[in-house]
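Beneath this line is the structure, given in structure tokens, with notes to follow.
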Amino acid sequence: MNLSAYPGIFNSSNTKQRGDTAMPELKCVSQSIHVDLKTGCDIKNITQEVNNVIKENKITIGMVNIFVIGSTGSVTTIEYEPGVVEDLKHAINTLAPVGVEYAHEKAWHDGNGHSHVQAALIGPSLTIPIHSGKMKLGTWQQLVAVNHDNHSRARKIEITITGV
Amino acid sequence: MNLSAYPGIFNSSNTKQRGDTAMPELKCVSQSIHVDLKTGCDIKNITQEVNNVIKENKITIGMVNIFVIGSTGSVTTIEYEPGVVEDLKHAINTLAPVGVEYAHEKAWHDGNGHSHVQAALIGPSLTIPIHSGKMKLGTWQQLVAVNHDNHSRARKIEITITGV
Amino acid sequence: MNLSAYPGIFNSSNTKQRGDTAMPELKCVSQSIHVDLKTGCDIKNITQEVNNVIKENKITIGMVNIFVIGSTGSVTTIEYEPGVVEDLKHAINTLAPVGVEYAHEKAWHDGNGHSHVQAALIGPSLTIPIHSGKMKLGTWQQLVAVNHDNHSRARKIEITITGV
């Protein structure tokens with residue numbers, strides 16, 4: 001698909017208007033991926049996994065939403081190198097430290113009061129533009145999933161796309 | 001609608017291609033809800049209110065954006081139980097405490113300098129996948145609206161959906 | 001376009017069903033803007049720039065995603081007045097202060113360890129409803145881009161729209 005021929009605008013009615021140079025219509029894709037994450041804070045690069053979903057569904061342009069199922073996980077973007085990963089873990093554990101008193105603990109005694117607060121502050125959802133058949137990220141910018149829980153988790157992550 | 005027949009991909013052109021097994025086309029829904037919130041930090045479960053909008057508009061699959069109008073409100077997801085609610089309030093009030101000096105106060109004297117900073121850090125927007133006619137959340141994960149302001153607010157929240 | 005005639009729901013199939021009162025079909029717009037930002041923390045109001053993209057593409061209703069390319073930038077909304085700008089900078093610099101030790105520094109020595117952590121915590125992405133041909137924000141709520149880097153940046157920001 002020659003993007004330069006369609007400068008930035010894609011209209012699902014074009015199929016009927018343009019005849020032989022028909023464009024694909026807007027699609028909605030909904031798919032899950034599963035990501036194994038270690039005891040929190042664990043930060044994992046999931047850029048390739050999400051780009052695979054975009055490629056499998058032949059989406060060229062649009063937006064993709066990445067959503068972590070569960071209240072002790074989150075998503076963000078970082079330069080995925082060991083230093084930033086360590087620094088971000090430190091910052092997250094400063095926002096809601098392990099080992100201080102949490103009201104959640106008094107009732108549930110599952111030791112993950114900090115996990116809930118950390119995940120709510122970072123947030124479970126990220127929406128990223130798709131261009132040329134993959135997420136449009138910076139060269140040194142990767143999509144990461146974070147497990148804040150106090151045990152390892154096989155996280156279910158929902159990938160929802162609107163695009164052509 | 002039998003989702004299993006359409007493994008994860010919904011194309012607005014299918015109506016014309018599939019004849020009797022026609023699929024609905026992509027819709028865009030835009031609607032407001034109003035949520036009464038107490039003096040901040042107040043955290044309210046609005047999962048049912050947003051699911052009602054999805055149901056009324058007969059959306060089965062897609063994505064829903066929840067956006068708080070105003071600069072002293074925010075949205076996130078948590079396990080909505082009294083302990084986590086208390087812990088999250090405490091963490092938010094640590095990020096930007098009440099009673100310290102704010103530059104906003106010097107000019108406006110409305111006592112809500114902390115509210116503005118808290119809301120900007122948590123963020124006014126969340127996008128969540130829709131599946132089987134409702135938000136696809138974890139069992140112990142609810143959508144919450146937060147009022148950070150120093151008085152009660154009848155918050156206007158925009159619900160915008162792209163889906164089928 | 002008379003919005004009151006279509007209470008909140010827009011269906012891309014309506015063109016074929018309604019004849020003379022045909023509605024526009026769902027479009028996908030993908031465009032970049034460039035924003036000059038000073039050494040971080042710099043906070044700039046980009047509301048007008050994004051509304052211009054919406055207007056140029058004649059989108060009336062839908063959702064717009066704003067995404068900062070690069071791992072040392074972020075987006076949020078604030079009441080854009082000098083006091084809140086100062087307060088938010090202070091809060092961001094408290095989350096990940098300049099001048100403390102960062103693991104990123106040990107390997108890369110580029111002095112921006114704090115920038116990476118700050119940007120990951122605030123987040124690179126925001127999705128905002130479009131109504132009446134512009135972003136539906138509160139009266140005292142503006143969209144801002146933040147540069148956290150330790151030098152000025154001409155930031156590329158992706159604007160992706162789904163709407164009619």
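For the structure tokens, the naming scheme is as follows: chains receive sequential letters (A, B, ...) according to their order of presentation, residues are indexed from 1 within each chain, and ligands are indexed from 1 in presentation order.
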- Item | Interface residues on chain C facing chain A, 8 Å, only C-alpha atoms, written as a VMD selection string | chain C and resid 25 to 31 57 65 67 69 to 71 95 to 96 102 to 107 113 116 to 117 120 to 127 158 to 162
- Leaving out His34 (chain C) and any residue of its chain fewer than 2 positions from it, which residues lie within 7 Å of it when counting only C-alpha atoms, given as a list in words?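 Contacts, in chain order: Ser32, Asp36, Ala154, Arg155, Lys156 and Ile157 of chain C.
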- Message: Report, in Å to a single decimal, how far apart CA of Trp108 (chain C) and CA of Lys44 (chain A) are.
- Response: 20.7 Å
- Query: In region 18-162 of chain C, what's strand (DSSP E or B) per DSSP? Answer as a VMD selection string?
  - Reply: chain C and resid 27 to 37 42 to 45 62 to 68 73 to 78 125 to 131 134 to 135 142 to 147 153 to 162
Output the selection as a PDB file, in the first residue's frame - C-alpha atoms for each residue.
ATOM      1  CA  LYS C  27     -12.377   7.797   8.797  1.00  0.00           C
ATOM      2  CA  CYS C  28      -8.909   7.133  10.094  1.00  0.00           C
ATOM      3  CA  VAL C  29      -6.498  10.075  10.078  1.00  0.00           C
ATOM      4  CA  SER C  30      -2.769   9.749  10.759  1.00  0.00           C
ATOM      5  CA  GLN C  31      -0.617  12.859  10.840  1.00  0.00           C
ATOM      6  CA  SER C  32       2.498  14.187  12.609  1.00  0.00           C
ATOM      7  CA  ILE C  33       3.073  17.581  14.189  1.00  0.00           C
ATOM      8  CA  HIS C  34       6.391  18.982  15.382  1.00  0.00           C
ATOM      9  CA  VAL C  35       6.666  20.872  18.641  1.00  0.00           C
ATOM     10  CA  ASP C  36       9.743  22.790  19.791  1.00  0.00           C
ATOM     11  CA  LEU C  37      10.366  22.196  23.476  1.00  0.00           C
ATOM     12  CA  ASP C  42       9.323  22.136  29.689  1.00  0.00           C
ATOM     13  CA  ILE C  43       5.532  22.107  29.480  1.00  0.00           C
ATOM     14  CA  LYS C  44       3.824  23.479  26.354  1.00  0.00           C
ATOM     15  CA  ASN C  45       0.162  23.970  25.461  1.00  0.00           C
ATOM     16  CA  GLY C  62     -14.795  10.697  17.348  1.00  0.00           C
ATOM     17  CA  MET C  63     -11.560  10.212  19.274  1.00  0.00           C
ATOM     18  CA  VAL C  64      -8.022  11.544  18.799  1.00  0.00           C
ATOM     19  CA  ASN C  65      -4.873   9.872  20.117  1.00  0.00           C
ATOM     20  CA  ILE C  66      -1.842  12.040  20.859  1.00  0.00           C
ATOM     21  CA  PHE C  67       1.434  10.106  21.117  1.00  0.00           C
ATOM     22  CA  VAL C  68       4.926  11.463  21.793  1.00  0.00           C
ATOM     23  CA  GLY C  73       8.568  13.080  26.433  1.00  0.00           C
ATOM     24  CA  SER C  74       5.003  12.840  27.737  1.00  0.00           C
ATOM     25  CA  VAL C  75       1.476  14.263  27.449  1.00  0.00           C
ATOM     26  CA  THR C  76      -1.248  15.167  29.942  1.00  0.00           C
ATOM     27  CA  THR C  77      -3.900  17.858  30.525  1.00  0.00           C
ATOM     28  CA  ILE C  78      -3.721  20.809  32.947  1.00  0.00           C
ATOM     29  CA  SER C 125      -0.092   8.703  25.150  1.00  0.00           C
ATOM     30  CA  LEU C 126      -3.450  10.401  25.639  1.00  0.00           C
ATOM     31  CA  THR C 127      -6.796   9.796  23.904  1.00  0.00           C
ATOM     32  CA  ILE C 128      -9.348  12.615  23.902  1.00  0.00           C
ATOM     33  CA  PRO C 129     -12.943  12.782  22.594  1.00  0.00           C
ATOM     34  CA  ILE C 130     -13.743  14.965  19.568  1.00  0.00           C
ATOM     35  CA  HIS C 131     -17.052  16.805  19.525  1.00  0.00           C
ATOM     36  CA  LYS C 134     -12.569  19.934  18.202  1.00  0.00           C
ATOM     37  CA  MET C 135     -11.278  18.198  21.342  1.00  0.00           C
ATOM     38  CA  GLN C 142      -5.604  22.242  28.037  1.00  0.00           C
ATOM     39  CA  LEU C 143      -3.558  19.526  26.334  1.00  0.00           C
ATOM     40  CA  VAL C 144       0.160  19.834  27.123  1.00  0.00           C
ATOM     41  CA  ALA C 145       3.306  18.139  25.842  1.00  0.00           C
ATOM     42  CA  VAL C 146       6.186  17.745  28.282  1.00  0.00           C
ATOM     43  CA  ASN C 147       9.887  17.522  27.418  1.00  0.00           C
ATOM     44  CA  ARG C 153      13.991  18.882  21.499  1.00  0.00           C
ATOM     45  CA  ALA C 154      11.960  19.307  18.315  1.00  0.00           C
ATOM     46  CA  ARG C 155       9.450  16.662  19.370  1.00  0.00           C
ATOM     47  CA  LYS C 156       7.521  14.648  16.809  1.00  0.00           C
ATOM     48  CA  ILE C 157       3.994  14.002  18.026  1.00  0.00           C
ATOM     49  CA  GLU C 158       1.668  11.586  16.232  1.00  0.00           C
ATOM     50  CA  ILE C 159      -1.984  12.556  15.860  1.00  0.00           C
ATOM     51  CA  THR C 160      -4.268   9.604  15.067  1.00  0.00           C
ATOM     52  CA  ILE C 161      -8.009  10.084  14.700  1.00  0.00           C
ATOM     53  CA  THR C 162     -10.949   7.725  14.315  1.00  0.00           C
TER      54      THR C 162
END
